[in-house]
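S.K.: Got a structure for you, questions after.
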Amino acid sequence: MEKSMRYLSFIMLLMLTSASYAARQDAIFAGGCFWCMQADFDKLAGVTQTVSGYDGGTKSNPTYEIVSGHDSGYSEVVKVSYDDSKVSYSKLVDYFLHHIDPTDAAGQFCDKGPQYTSKIFYLNEAQKQQATVQLAIIKPQLKTVYTTILPSTKFYPAEEYHQDYYKKNSTRYHFYRWNCGRDAKVKEVWNVQ
């Protein structure tokens with residue numbers, strides 16, 4: 001009896017684990033400074049984890065110094081893990097677009113260069129289609145949209161000191177965000193009072 005109870009407990013644990021894993025999905029966004037993107041996505045209900053990193057290039061194991069060089073092909077990104085029973089991929093894309101300046105072709109806010117331009121890195125065709133729909137929805141509201149939709153080449157986590165920077169270095173982070181004009185520009189672009 002004891003052996004069958006342990007087996008039943010194991011099966012139940014396995015089912016719960018696989019059910020929660022099945023609901024967990026990933027999405028990757030480039031919206032300028034990955035510190036700011038991580039801070040924004042951590043506030044969204046249904047997001048279970050965020051990781052600052054790099055995507056879009058081809059060289060293995062990029063570093064911050066390599067990505068900052070403007071010609072690596074990589075972007076600063078945030079990988080967003082989410083529970084798709086609580087928030088949809090389309091909602092994530094909409095949230096992303098409303099927390100950046102899609103009209104800036106040169107970068108985002110005070111950060112300029114190809115590593116800071118806004119991009120949606122899709123992981124499958126369904127994500128590509130949903131991102132395309134969300135961009136089509138916002139285009140009539142804005143003059144021009146420079147946010148691009150690209151396939152993820154491979155996500156690499158950024159160095160540890162970049163992870164949760166907004167929590168670990170709160171004063172510096174808030175000064176950087178304010179000095180960069182991120183929130184003021186988002187309000188201006190999206191006509192938020």
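Every chain in the structure tokens has a letter given in the order shown (A, B, ...), and although residue numbers restart at 1 in each chain, ligands are simply numbered from 1 in the order shown.
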With 12 Å as the cut-off and only C-alpha atoms counted, what is the closest atom pair between each nearby residue of stretch 113-184 of chain A and stretch 74-89 of chain A? Distances in Å to one decimal, ordered by chain and number, as a Markdown table.
M.R.:
```
| residue | atom | partner | partner_atom | distance |
| --- | --- | --- | --- | --- |
| A:Gly113 | CA | A:Ser75 | CA | 9.4 |
| A:Pro114 | CA | A:Ser75 | CA | 7.0 |
| A:Gln115 | CA | A:Ser75 | CA | 4.0 |
| A:Tyr116 | CA | A:Ser75 | CA | 6.1 |
| A:Thr117 | CA | A:Ser75 | CA | 7.6 |
| A:Ser118 | CA | A:Ser75 | CA | 8.8 |
| A:Lys119 | CA | A:Ser75 | CA | 8.4 |
| A:Ile120 | CA | A:Val77 | CA | 9.2 |
| A:Phe121 | CA | A:Val77 | CA | 8.9 |
| A:Tyr122 | CA | A:Tyr89 | CA | 10.4 |
| A:Leu123 | CA | A:Lys79 | CA | 11.0 |
| A:Asn124 | CA | A:Tyr89 | CA | 11.6 |
| A:Ala126 | CA | A:Tyr89 | CA | 9.3 |
| A:Gln127 | CA | A:Tyr89 | CA | 7.1 |
| A:Lys128 | CA | A:Tyr89 | CA | 10.3 |
| A:Gln129 | CA | A:Tyr89 | CA | 10.6 |
| A:Gln130 | CA | A:Tyr89 | CA | 7.5 |
| A:Ala131 | CA | A:Tyr89 | CA | 8.4 |
| A:Thr132 | CA | A:Tyr89 | CA | 11.9 |
| A:Val133 | CA | A:Tyr89 | CA | 11.5 |
| A:Gln134 | CA | A:Tyr89 | CA | 10.2 |
| A:Leu150 | CA | A:Ser75 | CA | 11.4 |
| A:Ser152 | CA | A:Tyr74 | CA | 10.3 |
| A:Thr153 | CA | A:Tyr74 | CA | 9.3 |
| A:Lys154 | CA | A:Tyr74 | CA | 9.8 |
| A:Phe155 | CA | A:Lys79 | CA | 7.8 |
| A:Tyr156 | CA | A:Val77 | CA | 9.3 |
| A:Pro157 | CA | A:Lys79 | CA | 8.5 |
| A:Ala158 | CA | A:Glu76 | CA | 8.5 |
| A:Glu159 | CA | A:Glu76 | CA | 11.7 |
| A:His162 | CA | A:Glu76 | CA | 10.7 |
| A:Gln163 | CA | A:Val78 | CA | 9.9 |
| A:Asp164 | CA | A:Val78 | CA | 10.9 |
```
S.K.: Based on the backbone DSSP call, show me all residues of stretch 3-185 of chain A assigned strand (DSSP E or B), as a PyMOL selection string.
M.R.: chain A and resi 24-30+47-55+75-83+107-108+111-112+119-122+148-151+156-157
S.K.: Using only C-alpha atoms, which of the listed residues (A:Cys36, A:Val51, A:Ala27, A:Ile66) sits closest to A:Ile100?
M.R.: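 Of A:Cys36, A:Val51, A:Ala27, A:Ile66, the one nearest A:Ile100, counting only C-alpha atoms, is A:Cys36.
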S.K.: Check stretch 96-172 of chain A with DSSP on the backbone and list each residue it calls alpha helix (DSSP H), as an MDAnalysis selection string.
M.R.: chainID A and resid 96:97 125:138 165:168 170:172
S.K.: I'd like to know which of A:Thr50, A:Gln108, A:Asn61, A:Ala39 is closest to A:Lys167, using only C-alpha atoms.
M.R.: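 When distances to A:Lys167 are compared using only C-alpha atoms, the smallest one comes from A:Ala39.
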